[in-house]
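Novice: This is the content of protein_37.pdb (PDB, C-alpha atoms):
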```
ATOM      1  CA  MET U   1     -21.180   3.509 -19.676
ATOM      2  CA  PRO U   2     -19.980   7.123 -19.982
ATOM      3  CA  ILE U   3     -16.388   7.884 -19.114
ATOM      4  CA  LEU U   4     -16.004   9.938 -15.965
ATOM      5  CA  ARG U   5     -14.901  13.425 -16.856
ATOM      6  CA  SER U   6     -11.551  14.719 -15.778
ATOM      7  CA  SER U   7     -11.243  17.895 -17.780
ATOM      8  CA  LEU U   8      -9.897  20.220 -15.108
ATOM      9  CA  PRO U   9      -6.166  20.832 -15.003
ATOM     10  CA  LEU U  10      -4.324  19.124 -12.214
ATOM     11  CA  VAL U  11      -3.411  21.310  -9.305
ATOM     12  CA  ALA U  12       0.113  21.232  -7.955
ATOM     13  CA  SER U  13       0.538  19.239  -4.767
ATOM     14  CA  ALA U  14       3.305  17.544  -2.809
ATOM     15  CA  ALA U  15       3.626  14.755  -5.347
ATOM     16  CA  THR U  16       1.853  14.303  -8.629
ATOM     17  CA  ASP U  17      -0.249  11.215  -9.133
ATOM     18  CA  ALA U  18       2.342   9.880 -11.554
ATOM     19  CA  GLN U  19       5.142  10.341  -9.030
ATOM     20  CA  LEU U  20       3.091   8.682  -6.341
ATOM     21  CA  VAL U  21       2.219   5.698  -8.525
ATOM     22  CA  ALA U  22       5.859   5.273  -9.503
ATOM     23  CA  ARG U  23       6.888   5.267  -5.850
ATOM     24  CA  CYS U  24       4.188   2.716  -5.038
ATOM     25  CA  ARG U  25       5.516   0.471  -7.783
ATOM     26  CA  ASN U  26       8.903   0.675  -6.132
ATOM     27  CA  GLY U  27       7.358  -0.688  -2.975
ATOM     28  CA  GLU U  28       7.446   2.488  -0.880
ATOM     29  CA  ALA U  29       4.994   1.940   1.961
ATOM     30  CA  ALA U  30       4.698   5.672   2.616
ATOM     31  CA  ALA U  31       3.677   6.245  -0.994
ATOM     32  CA  TRP U  32       0.924   3.648  -0.731
ATOM     33  CA  ASP U  33      -0.314   5.294   2.465
ATOM     34  CA  GLU U  34      -0.400   8.631   0.675
ATOM     35  CA  LEU U  35      -2.180   7.194  -2.352
ATOM     36  CA  VAL U  36      -4.880   5.657  -0.156
ATOM     37  CA  GLU U  37      -5.188   8.891   1.806
ATOM     38  CA  ARG U  38      -5.428  10.964  -1.379
ATOM     39  CA  TYR U  39      -8.180   8.871  -2.948
ATOM     40  CA  SER U  40     -10.038   7.619   0.106
ATOM     41  CA  ARG U  41     -12.477  10.535   0.129
ATOM     42  CA  TYR U  42     -13.136  10.174  -3.584
ATOM     43  CA  VAL U  43     -13.861   6.442  -3.441
ATOM     44  CA  TYR U  44     -15.968   6.892  -0.327
ATOM     45  CA  ALA U  45     -17.986   9.691  -1.928
ATOM     46  CA  ILE U  46     -18.648   7.753  -5.136
ATOM     47  CA  SER U  47     -20.003   4.743  -3.258
ATOM     48  CA  SER U  48     -21.892   6.536  -0.527
ATOM     49  CA  GLN U  49     -23.092   9.704  -2.269
ATOM     50  CA  ALA U  50     -23.250   8.910  -5.963
ATOM     51  CA  PHE U  51     -24.471   5.307  -5.587
ATOM     52  CA  ARG U  52     -25.977   5.717  -2.106
ATOM     53  CA  LEU U  53     -24.721   2.320  -0.973
ATOM     54  CA  ALA U  54     -25.411   1.217   2.590
ATOM     55  CA  ALA U  55     -22.401   1.574   4.885
ATOM     56  CA  HIS U  56     -21.451  -2.118   4.871
ATOM     57  CA  ASP U  57     -21.631  -2.276   1.070
ATOM     58  CA  ALA U  58     -19.706   0.974   0.744
ATOM     59  CA  GLU U  59     -16.998  -0.429   3.000
ATOM     60  CA  ASP U  60     -16.727  -3.617   0.940
ATOM     61  CA  VAL U  61     -16.458  -1.592  -2.253
ATOM     62  CA  PHE U  62     -13.893   0.718  -0.648
ATOM     63  CA  GLN U  63     -11.638  -2.183   0.334
ATOM     64  CA  GLU U  64     -12.112  -3.982  -2.971
ATOM     65  CA  VAL U  65     -11.144  -0.850  -4.904
ATOM     66  CA  PHE U  66      -7.864  -0.485  -3.056
ATOM     67  CA  VAL U  67      -7.114  -4.189  -3.271
ATOM     68  CA  ARG U  68      -7.514  -4.051  -7.036
ATOM     69  CA  VAL U  69      -5.534  -0.842  -7.303
ATOM     70  CA  TYR U  70      -2.720  -2.456  -5.344
ATOM     71  CA  GLU U  71      -2.854  -5.685  -7.320
ATOM     72  CA  HIS U  72      -3.016  -4.024 -10.735
ATOM     73  CA  LEU U  73      -0.945  -0.897 -10.282
ATOM     74  CA  GLY U  74       1.615  -2.421 -12.608
ATOM     75  CA  ASP U  75      -0.951  -2.717 -15.389
ATOM     76  CA  LEU U  76      -1.755   0.997 -15.456
ATOM     77  CA  ARG U  77      -0.798   2.259 -18.899
ATOM     78  CA  SER U  78      -0.139   5.812 -17.799
ATOM     79  CA  ASP U  79       0.780   6.670 -14.226
ATOM     80  CA  ASP U  80      -1.151   9.920 -14.286
ATOM     81  CA  ALA U  81      -4.327   8.098 -15.344
ATOM     82  CA  ILE U  82      -4.907   6.699 -11.903
ATOM     83  CA  ARG U  83      -7.806   8.958 -11.028
ATOM     84  CA  PRO U  84     -10.079   8.022 -13.940
ATOM     85  CA  TRP U  85      -9.064   4.390 -13.402
ATOM     86  CA  ILE U  86     -10.042   4.514  -9.742
ATOM     87  CA  ALA U  87     -13.290   6.257 -10.646
ATOM     88  CA  GLN U  88     -14.224   3.631 -13.225
ATOM     89  CA  LEU U  89     -13.235   0.804 -10.921
ATOM     90  CA  THR U  90     -15.314   2.216  -8.077
ATOM     91  CA  ARG U  91     -18.260   2.766 -10.362
ATOM     92  CA  ARG U  92     -18.081  -0.776 -11.709
ATOM     93  CA  LEU U  93     -17.840  -2.312  -8.249
ATOM     94  CA  CYS U  94     -20.775  -0.224  -7.020
ATOM     95  CA  ILE U  95     -22.867  -1.489  -9.927
ATOM     96  CA  ASP U  96     -21.793  -5.065  -9.198
ATOM     97  CA  ARG U  97     -22.826  -4.581  -5.590
ATOM     98  CA  LEU U  98     -26.239  -3.210  -6.583
ATOM     99  CA  ARG U  99     -26.702  -6.013  -9.084
ATOM    100  CA  ALA U 100     -25.929  -8.628  -6.440
ATOM    101  CA  GLY U 101     -28.759  -7.229  -4.349
ATOM    102  CA  ARG U 102     -31.354  -7.707  -7.078
ATOM    103  CA  ARG U 103     -33.160 -10.905  -7.944
ATOM    104  CA  GLU U 104     -33.293 -10.173 -11.644
ATOM    105  CA  SER U 105     -30.400  -9.014 -13.759
ATOM    106  CA  PRO U 106     -31.094  -5.446 -14.780
ATOM    107  CA  VAL U 107     -28.811  -3.655 -17.225
ATOM    108  CA  ASP U 108     -26.294  -1.257 -15.742
ATOM    109  CA  ASP U 109     -28.303   1.846 -16.664
ATOM    110  CA  GLU U 110     -31.206   0.612 -14.576
ATOM    111  CA  LEU U 111     -28.955   0.233 -11.552
ATOM    112  CA  GLU U 112     -27.492   3.703 -11.749
ATOM    113  CA  PRO U 113     -29.198   6.271  -9.537
ATOM    114  CA  SER U 114     -30.729   9.277 -11.240
ATOM    115  CA  GLY U 115     -28.375  12.212 -11.596
ATOM    116  CA  LEU U 116     -25.350   9.941 -11.319
ATOM    117  CA  ASP U 117     -23.310  11.622 -14.042
ATOM    118  CA  GLU U 118     -23.876  15.055 -12.522
ATOM    119  CA  THR U 119     -22.841  13.808  -9.088
ATOM    120  CA  LEU U 120     -19.718  12.121 -10.443
ATOM    121  CA  SER U 121     -18.826  15.239 -12.356
ATOM    122  CA  ALA U 122     -19.156  17.321  -9.187
ATOM    123  CA  LEU U 123     -16.974  14.830  -7.305
ATOM    124  CA  ASP U 124     -14.329  15.125 -10.006
ATOM    125  CA  GLU U 125     -14.379  18.872  -9.536
ATOM    126  CA  ALA U 126     -14.329  18.441  -5.763
ATOM    127  CA  ILE U 127     -11.180  16.339  -5.828
ATOM    128  CA  GLU U 128      -9.447  19.068  -7.831
ATOM    129  CA  VAL U 129     -10.448  21.536  -5.145
ATOM    130  CA  ARG U 130      -9.219  19.090  -2.530
ATOM    131  CA  ALA U 131      -5.855  18.958  -4.297
ATOM    132  CA  GLY U 132      -5.820  22.761  -4.173
ATOM    133  CA  LEU U 133      -6.506  22.571  -0.457
ATOM    134  CA  ASP U 134      -3.486  20.327  -0.004
ATOM    135  CA  ALA U 135      -1.423  22.735  -2.063
ATOM    136  CA  ILE U 136      -2.190  25.830   0.050
ATOM    137  CA  GLY U 137      -0.843  24.060   3.112
ATOM    138  CA  GLU U 138      -1.313  24.886   6.778
ATOM    139  CA  PRO U 139      -2.987  26.526   8.580
ATOM    140  CA  CYS U 140      -5.559  27.071   5.827
ATOM    141  CA  ARG U 141      -5.830  23.389   4.938
ATOM    142  CA  GLU U 142      -6.836  22.365   8.426
ATOM    143  CA  LEU U 143      -9.060  25.374   8.964
ATOM    144  CA  LEU U 144     -11.080  24.781   5.801
ATOM    145  CA  ASP U 145     -11.156  21.040   6.348
ATOM    146  CA  ARG U 146     -12.522  21.431   9.843
ATOM    147  CA  PHE U 147     -15.180  23.909   8.801
ATOM    148  CA  PHE U 148     -16.383  22.446   5.526
ATOM    149  CA  CYS U 149     -15.530  18.746   5.655
ATOM    150  CA  ARG U 150     -15.884  18.016   9.368
ATOM    151  CA  ASP U 151     -18.686  20.535   9.831
ATOM    152  CA  GLU U 152     -17.134  21.948  13.009
ATOM    153  CA  SER U 153     -18.415  25.169  14.560
ATOM    154  CA  TYR U 154     -16.344  28.344  14.840
ATOM    155  CA  LYS U 155     -16.003  27.690  18.557
ATOM    156  CA  THR U 156     -14.779  24.120  18.116
ATOM    157  CA  ILE U 157     -12.246  25.250  15.525
ATOM    158  CA  ALA U 158     -11.109  28.154  17.675
ATOM    159  CA  ASP U 159     -10.607  25.868  20.670
ATOM    160  CA  ALA U 160      -8.779  23.221  18.645
ATOM    161  CA  LEU U 161      -6.442  25.662  16.915
ATOM    162  CA  ALA U 162      -6.066  28.059  19.861
ATOM    163  CA  LEU U 163      -7.411  30.999  17.868
ATOM    164  CA  PRO U 164      -9.818  33.768  18.922
ATOM    165  CA  SER U 165     -13.262  32.556  17.839
ATOM    166  CA  GLY U 166     -14.125  36.018  16.502
ATOM    167  CA  THR U 167     -11.442  35.655  13.835
ATOM    168  CA  ILE U 168     -12.486  32.288  12.412
ATOM    169  CA  ALA U 169     -14.944  33.633   9.839
ATOM    170  CA  SER U 170     -12.461  36.112   8.430
ATOM    171  CA  ARG U 171      -9.714  33.483   8.398
ATOM    172  CA  ILE U 172     -11.972  31.116   6.505
ATOM    173  CA  SER U 173     -12.717  33.830   3.992
ATOM    174  CA  ARG U 174      -9.020  34.619   3.525
ATOM    175  CA  CYS U 175      -8.187  30.939   3.143
ATOM    176  CA  LEU U 176     -10.919  30.510   0.543
ATOM    177  CA  GLY U 177      -9.348  33.421  -1.323
ATOM    178  CA  LYS U 178      -5.993  31.643  -1.273
ATOM    179  CA  LEU U 179      -7.610  28.438  -2.416
ATOM    180  CA  ARG U 180      -9.339  30.206  -5.274
ATOM    181  CA  ALA U 181      -6.065  31.812  -6.290
ATOM    182  CA  VAL U 182      -4.366  28.427  -6.392
ATOM    183  CA  LEU U 183      -7.195  26.938  -8.418
ATOM    184  CA  GLU U 184      -7.156  29.816 -10.829
ATOM    185  CA  GLY U 185      -3.424  29.437 -11.257
ATOM    186  CA  ARG U 186      -2.567  32.845  -9.953
ATOM    187  CA  ASN U 187      -0.078  31.608  -7.376
TER     188      ASN U 187
ATOM    189  CA  MET F   1     -10.826  28.674 -14.453
ATOM    190  CA  SER F   2     -13.702  30.755 -13.214
ATOM    191  CA  GLY F   3     -16.782  30.332 -11.073
ATOM    192  CA  TYR F   4     -15.037  29.503  -7.815
ATOM    193  CA  ASP F   5     -16.765  31.949  -5.524
ATOM    194  CA  GLU F   6     -16.831  31.217  -1.803
ATOM    195  CA  PRO F   7     -20.177  29.389  -1.713
ATOM    196  CA  ARG F   8     -19.139  27.159  -4.628
ATOM    197  CA  LEU F   9     -15.805  26.315  -3.017
ATOM    198  CA  GLY F  10     -17.589  25.491   0.220
ATOM    199  CA  GLU F  11     -20.033  23.259  -1.621
ATOM    200  CA  LEU F  12     -17.237  21.359  -3.340
ATOM    201  CA  LEU F  13     -15.229  20.937  -0.150
ATOM    202  CA  ARG F  14     -18.276  19.541   1.619
ATOM    203  CA  LEU F  15     -18.680  16.901  -1.088
ATOM    204  CA  LEU F  16     -15.585  15.054   0.095
ATOM    205  CA  PRO F  17     -15.801  14.276   3.798
ATOM    206  CA  ALA F  18     -13.172  11.958   5.188
ATOM    207  CA  ALA F  19     -13.774   8.235   4.806
ATOM    208  CA  PRO F  20     -14.004   6.372   8.125
ATOM    209  CA  ALA F  21     -10.505   6.206   9.587
ATOM    210  CA  ALA F  22     -10.681   2.430  10.098
ATOM    211  CA  TRP F  23     -11.412   1.884   6.402
ATOM    212  CA  VAL F  24      -8.460   4.012   5.389
ATOM    213  CA  ARG F  25      -6.152   2.267   7.856
ATOM    214  CA  ALA F  26      -7.253  -1.178   6.641
ATOM    215  CA  ALA F  27      -6.534  -0.226   3.034
ATOM    216  CA  GLN F  28      -3.143   1.174   4.004
ATOM    217  CA  GLU F  29      -2.235  -2.051   5.782
ATOM    218  CA  LEU F  30      -2.902  -4.077   2.682
ATOM    219  CA  PRO F  31       0.758  -4.474   1.592
ATOM    220  CA  ALA F  32       1.616  -6.064   4.950
ATOM    221  CA  ALA F  33      -1.367  -8.414   4.734
ATOM    222  CA  ARG F  34      -0.247  -9.643   1.332
ATOM    223  CA  VAL F  35       2.348 -11.960   2.817
ATOM    224  CA  GLU F  36      -0.263 -13.791   4.857
ATOM    225  CA  ILE F  37      -2.651 -13.857   1.925
ATOM    226  CA  ALA F  38       0.027 -15.259  -0.373
ATOM    227  CA  GLY F  39       0.591 -18.119   2.079
ATOM    228  CA  LEU F  40      -3.096 -18.963   2.136
ATOM    229  CA  VAL F  41      -3.422 -18.801  -1.630
ATOM    230  CA  ALA F  42      -0.388 -21.040  -2.127
ATOM    231  CA  ARG F  43      -1.878 -23.610   0.215
ATOM    232  CA  ALA F  44      -5.245 -23.382  -1.531
ATOM    233  CA  GLN F  45      -3.549 -24.078  -4.856
ATOM    234  CA  GLU F  46      -2.054 -27.290  -3.500
ATOM    235  CA  ASP F  47      -4.970 -28.509  -1.409
ATOM    236  CA  ALA F  48      -8.392 -28.671  -3.070
ATOM    237  CA  VAL F  49     -10.205 -29.433   0.185
ATOM    238  CA  PHE F  50      -8.591 -26.481   1.870
ATOM    239  CA  ARG F  51      -9.401 -24.279  -1.096
ATOM    240  CA  ALA F  52     -13.076 -25.320  -1.005
ATOM    241  CA  ARG F  53     -13.205 -24.506   2.698
ATOM    242  CA  VAL F  54     -11.630 -21.118   2.137
ATOM    243  CA  VAL F  55     -13.892 -20.228  -0.772
ATOM    244  CA  ALA F  56     -16.997 -21.330   1.157
ATOM    245  CA  ASP F  57     -16.330 -18.947   4.012
ATOM    246  CA  LEU F  58     -13.420 -16.576   3.598
ATOM    247  CA  GLU F  59     -13.791 -14.943   7.011
ATOM    248  CA  ALA F  60     -13.956 -18.235   8.888
ATOM    249  CA  ALA F  61     -10.994 -19.650   6.966
ATOM    250  CA  LEU F  62      -8.888 -16.607   7.791
ATOM    251  CA  GLU F  63      -9.820 -16.697  11.451
ATOM    252  CA  ALA F  64      -9.042 -20.444  11.571
ATOM    253  CA  GLU F  65      -5.547 -19.623  10.319
ATOM    254  CA  GLY F  66      -5.148 -16.944  12.968
ATOM    255  CA  ILE F  67      -5.366 -14.126  10.423
ATOM    256  CA  GLN F  68      -7.571 -11.204  11.291
ATOM    257  CA  ALA F  69     -10.371 -11.083   8.724
ATOM    258  CA  THR F  70     -10.384  -7.358   8.115
ATOM    259  CA  PRO F  71     -12.393  -6.181   5.101
ATOM    260  CA  SER F  72      -9.210  -5.435   3.164
ATOM    261  CA  VAL F  73      -7.756  -8.884   3.849
ATOM    262  CA  VAL F  74     -11.018 -10.585   2.884
ATOM    263  CA  ALA F  75     -11.263  -8.491  -0.283
ATOM    264  CA  ALA F  76      -7.652  -9.230  -1.180
ATOM    265  CA  LEU F  77      -8.099 -12.948  -0.624
ATOM    266  CA  ARG F  78     -11.281 -12.997  -2.685
ATOM    267  CA  THR F  79      -9.487 -11.237  -5.526
ATOM    268  CA  ARG F  80      -6.500 -13.572  -5.402
ATOM    269  CA  LEU F  81      -8.622 -16.715  -5.309
ATOM    270  CA  GLY F  82     -10.868 -15.404  -8.067
ATOM    271  CA  ALA F  83      -7.836 -14.730 -10.209
ATOM    272  CA  ASP F  84      -6.419 -18.208  -9.811
TER     273      ASP F  84
END
```
Write out the structure in this file as structure tokens.
Specialist:
Amino acid sequence: MPILRSSLPLVASAATDAQLVARCRNGEAAAWDELVERYSRYVYAISSQAFRLAAHDAEDVFQEVFVRVYEHLGDLRSDDAIRPWIAQLTRRLCIDRLRAGRRESPVDDELEPSGLDETLSALDEAIEVRAGLDAIGEPCRELLDRFFCRDESYKTIADALALPSGTIASRISRCLGKLRAVLEGRN
Amino acid sequence: MSGYDEPRLGELLRLLPAAPAAWVRAAQELPAARVEIAGLVARAQEDAVFRARVVADLEAALEAEGIQATPSVVAALRTRLGAD
């Protein structure tokens, strides 16, 4: 099974993964909440997009991933290795779930959807961009999240954020510029 | 790093929609659920009949103990019993 790629440099955010993991180990509930929040989209996307699991299977995998992360956080050799660990864990549990649905016992490669590696690679890149989004802060974070992730219209965004709807497109463009600058390390 | 034009950034942002809020909340509540799970697991270790009943139907066993069988609690219990 190929290792999920994680070649992009980490983007600065409120707390690094290593800091967050260390705080979780110390029993900080807020740190656990943040860890789940940070990786929830990633785990969800791997199960539902990359492996195309049905919603009930994706939910089971989602919960199982975080249970195992919680139970085995102390076994992690390097605190900043949590992302590839979560990715591998999610991938393995998705395969287990697909295998359980088959009568025969196919090898893992036969269970993996076509284009899986490309999708996982894109998701790895996407989570770096997501970290950049967190780093640029408000109001850009919410604006871009509403438009791209929640698929809200200009009007809905304008109403929610009390902004003139005619300015939303230009604000999105400016925020994307800030995001790109963060990702390119210019800020 | 290059290649992050606006369409590409938009594409990548769209790849990570939020997970359902209830799933996230259930996973976040896991540390609190551990106390209840630990009690069940301890009892299962001492009582083979109880353990068999729990393993046969995790959801029903949790509900019988007055513990809400959320997906995270069920998953945690399954992991703990499997690891015994």
Novice: Residues within 9 Å of Leu9 in chain F, please, as an MDAnalysis selection string. Count only C-alpha atoms; anything in the same chain fewer than 3 positions from it doesn't count.
Specialist: (chainID U and resid 126 129 176 179:180) or (chainID F and resid 4:6 12:14)
Novice: Just write the chosen residues, C-alpha atoms, as an mmCIF file, keeping the file's coordinate frame.
Specialist:
```
data_model
loop_
_atom_site.group_PDB
_atom_site.id
_atom_site.type_symbol
_atom_site.label_atom_id
_atom_site.label_comp_id
_atom_site.auth_asym_id
_atom_site.auth_seq_id
_atom_site.Cartn_x
_atom_site.Cartn_y
_atom_site.Cartn_z
ATOM 1 C CA ALA U 126 -14.329 18.441 -5.763
ATOM 2 C CA VAL U 129 -10.448 21.536 -5.145
ATOM 3 C CA LEU U 176 -10.919 30.510 0.543
ATOM 4 C CA LEU U 179 -7.610 28.438 -2.416
ATOM 5 C CA ARG U 180 -9.339 30.206 -5.274
ATOM 6 C CA TYR F 4 -15.037 29.503 -7.815
ATOM 7 C CA ASP F 5 -16.765 31.949 -5.524
ATOM 8 C CA GLU F 6 -16.831 31.217 -1.803
ATOM 9 C CA LEU F 12 -17.237 21.359 -3.340
ATOM 10 C CA LEU F 13 -15.229 20.937 -0.150
ATOM 11 C CA ARG F 14 -18.276 19.541 1.619
#
```
Novice: Report as a Markdown table the residues of chain F within 8 Å of range 145-155 of chain U, each with its shortest atom pair and distance in Å (one decimal), using all atoms listed in the file, ordered by chain and increasing residue number.
Specialist:
```
| residue | atom | partner | partner_atom | distance |
| --- | --- | --- | --- | --- |
| F:Gly10 | CA | U:Phe148 | CA | 6.2 |
| F:Leu13 | CA | U:Phe148 | CA | 6.0 |
| F:Arg14 | CA | U:Cys149 | CA | 4.9 |
| F:Leu15 | CA | U:Cys149 | CA | 7.7 |
| F:Leu16 | CA | U:Cys149 | CA | 6.7 |
| F:Pro17 | CA | U:Cys149 | CA | 4.8 |
| F:Ala18 | CA | U:Cys149 | CA | 7.2 |
```
Novice: Residues of chain F within 10 Å of chain U, using all atoms listed in the file, as a PDB file with C-alpha atoms, keeping the file's coordinate frame?
Specialist:
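So the final result, stored in part-v3.pdb, reads:
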```
ATOM      1  CA  MET F   1     -10.826  28.674 -14.453  1.00  0.00           C
ATOM      2  CA  SER F   2     -13.702  30.755 -13.214  1.00  0.00           C
ATOM      3  CA  GLY F   3     -16.782  30.332 -11.073  1.00  0.00           C
ATOM      4  CA  TYR F   4     -15.037  29.503  -7.815  1.00  0.00           C
ATOM      5  CA  ASP F   5     -16.765  31.949  -5.524  1.00  0.00           C
ATOM      6  CA  GLU F   6     -16.831  31.217  -1.803  1.00  0.00           C
ATOM      7  CA  PRO F   7     -20.177  29.389  -1.713  1.00  0.00           C
ATOM      8  CA  LEU F   9     -15.805  26.315  -3.017  1.00  0.00           C
ATOM      9  CA  GLY F  10     -17.589  25.491   0.220  1.00  0.00           C
ATOM     10  CA  GLU F  11     -20.033  23.259  -1.621  1.00  0.00           C
ATOM     11  CA  LEU F  12     -17.237  21.359  -3.340  1.00  0.00           C
ATOM     12  CA  LEU F  13     -15.229  20.937  -0.150  1.00  0.00           C
ATOM     13  CA  ARG F  14     -18.276  19.541   1.619  1.00  0.00           C
ATOM     14  CA  LEU F  15     -18.680  16.901  -1.088  1.00  0.00           C
ATOM     15  CA  LEU F  16     -15.585  15.054   0.095  1.00  0.00           C
ATOM     16  CA  PRO F  17     -15.801  14.276   3.798  1.00  0.00           C
ATOM     17  CA  ALA F  18     -13.172  11.958   5.188  1.00  0.00           C
ATOM     18  CA  ALA F  19     -13.774   8.235   4.806  1.00  0.00           C
ATOM     19  CA  PRO F  20     -14.004   6.372   8.125  1.00  0.00           C
ATOM     20  CA  ALA F  21     -10.505   6.206   9.587  1.00  0.00           C
ATOM     21  CA  ALA F  22     -10.681   2.430  10.098  1.00  0.00           C
ATOM     22  CA  TRP F  23     -11.412   1.884   6.402  1.00  0.00           C
ATOM     23  CA  VAL F  24      -8.460   4.012   5.389  1.00  0.00           C
ATOM     24  CA  ARG F  25      -6.152   2.267   7.856  1.00  0.00           C
ATOM     25  CA  ALA F  26      -7.253  -1.178   6.641  1.00  0.00           C
ATOM     26  CA  ALA F  27      -6.534  -0.226   3.034  1.00  0.00           C
ATOM     27  CA  GLN F  28      -3.143   1.174   4.004  1.00  0.00           C
ATOM     28  CA  GLU F  29      -2.235  -2.051   5.782  1.00  0.00           C
ATOM     29  CA  LEU F  30      -2.902  -4.077   2.682  1.00  0.00           C
ATOM     30  CA  PRO F  31       0.758  -4.474   1.592  1.00  0.00           C
ATOM     31  CA  ALA F  32       1.616  -6.064   4.950  1.00  0.00           C
ATOM     32  CA  ARG F  34      -0.247  -9.643   1.332  1.00  0.00           C
ATOM     33  CA  THR F  70     -10.384  -7.358   8.115  1.00  0.00           C
ATOM     34  CA  PRO F  71     -12.393  -6.181   5.101  1.00  0.00           C
ATOM     35  CA  SER F  72      -9.210  -5.435   3.164  1.00  0.00           C
ATOM     36  CA  VAL F  73      -7.756  -8.884   3.849  1.00  0.00           C
ATOM     37  CA  VAL F  74     -11.018 -10.585   2.884  1.00  0.00           C
ATOM     38  CA  ALA F  75     -11.263  -8.491  -0.283  1.00  0.00           C
ATOM     39  CA  ALA F  76      -7.652  -9.230  -1.180  1.00  0.00           C
ATOM     40  CA  LEU F  77      -8.099 -12.948  -0.624  1.00  0.00           C
ATOM     41  CA  ARG F  78     -11.281 -12.997  -2.685  1.00  0.00           C
ATOM     42  CA  THR F  79      -9.487 -11.237  -5.526  1.00  0.00           C
ATOM     43  CA  ARG F  80      -6.500 -13.572  -5.402  1.00  0.00           C
TER      44      ARG F  80
END
```
Novice: Give me, please, the distance in Å between CA of Val69 in chain U and CA of Leu89 in chain U, quoted to one decimal.
Specialist: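 It comes out at 8.7 Å.
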Novice: With only C-alpha atoms as the basis for distance, which of U:Arg91, U:Arg102, U:Arg23, U:Lys178 is at the shortest distance from Leu73 in chain U?
Specialist: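 Ranking U:Arg91, U:Arg102, U:Arg23, U:Lys178 by distance to Leu73 in chain U, first place goes to U:Arg23.
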Novice: Would you compute the box with edges along x, y and z of the file around range 75-79 of chain F, including every atom the file lists for it and 3 Å extra on each side, and give its centre and edge lengths in Å to one decimal, as JSON?
Specialist:
```
{"center_x": -9.5, "center_y": -10.7, "center_z": -2.9, "size_x": 9.6, "size_y": 10.5, "size_z": 11.2}
```
Novice: Could you tell me which residues the PyMOL selection byres ((chain F and resi 37-49) around 9) returns for this structure, as number ranges by chain?
Specialist: F: 33-36, 50-54, 62, 65, 67, 73, 76-77, 80-81, 84
Novice: Kindly save the residues from that selection, with C-alpha atoms included, as a short mmCIF file (atom, residue, chain, number, x, y, z; two decimals), in the coordinates of the input.
Specialist:
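Result went into part_20.cif, see below:
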```
data_model
loop_
_atom_site.label_atom_id
_atom_site.label_comp_id
_atom_site.auth_asym_id
_atom_site.auth_seq_id
_atom_site.Cartn_x
_atom_site.Cartn_y
_atom_site.Cartn_z
CA ALA F 33 -1.37 -8.41 4.73
CA ARG F 34 -0.25 -9.64 1.33
CA VAL F 35 2.35 -11.96 2.82
CA GLU F 36 -0.26 -13.79 4.86
CA PHE F 50 -8.59 -26.48 1.87
CA ARG F 51 -9.40 -24.28 -1.10
CA ALA F 52 -13.08 -25.32 -1.00
CA ARG F 53 -13.20 -24.51 2.70
CA VAL F 54 -11.63 -21.12 2.14
CA LEU F 62 -8.89 -16.61 7.79
CA GLU F 65 -5.55 -19.62 10.32
CA ILE F 67 -5.37 -14.13 10.42
CA VAL F 73 -7.76 -8.88 3.85
CA ALA F 76 -7.65 -9.23 -1.18
CA LEU F 77 -8.10 -12.95 -0.62
CA ARG F 80 -6.50 -13.57 -5.40
CA LEU F 81 -8.62 -16.72 -5.31
CA ASP F 84 -6.42 -18.21 -9.81
#
```
Novice: Interatomic distance between CA of Ala50 in chain U and CA of Leu116 in chain U?
Specialist: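 Distance between the two atoms: 5.8 Å.
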Novice: Just to confirm, what's the straight-line distance from CA of Ile82 in chain U to CA of Arg38 in chain U in Å (one decimal)?
Specialist: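 Separating CA of Ile82 in chain U from CA of Arg38 in chain U is a distance of 11.4 Å.
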Novice: Filtering to N, CA and C atoms, could range 51-59 of chain U of the supplied structure be written out as a compact mmCIF listing (two decimals), in the first residue's frame?
Specialist:
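What landed in decode31.txt:
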```
# COMPACT_ATOMS: atom_id res chain seq x y z
N PHE U 51 -12.93 7.02 -1.14
CA PHE U 51 -13.40 5.63 -1.11
C PHE U 51 -14.89 5.51 -1.45
N ARG U 52 -15.55 6.66 -1.54
CA ARG U 52 -16.97 6.69 -1.94
C ARG U 52 -17.84 5.77 -1.07
N LEU U 53 -17.57 5.77 0.22
CA LEU U 53 -18.38 4.96 1.13
C LEU U 53 -19.78 5.57 1.26
N ALA U 54 -20.75 4.71 1.50
CA ALA U 54 -22.11 5.19 1.80
C ALA U 54 -22.06 5.95 3.13
N ALA U 55 -23.03 6.83 3.33
CA ALA U 55 -22.99 7.72 4.50
C ALA U 55 -22.86 6.96 5.82
N HIS U 56 -23.62 5.86 5.98
CA HIS U 56 -23.56 5.16 7.27
C HIS U 56 -22.20 4.50 7.48
N ASP U 57 -21.59 4.01 6.40
CA ASP U 57 -20.24 3.43 6.52
C ASP U 57 -19.21 4.53 6.79
N ALA U 58 -19.39 5.65 6.09
CA ALA U 58 -18.45 6.76 6.29
C ALA U 58 -18.52 7.26 7.73
N GLU U 59 -19.71 7.27 8.29
CA GLU U 59 -19.84 7.72 9.69
C GLU U 59 -19.16 6.75 10.64
```
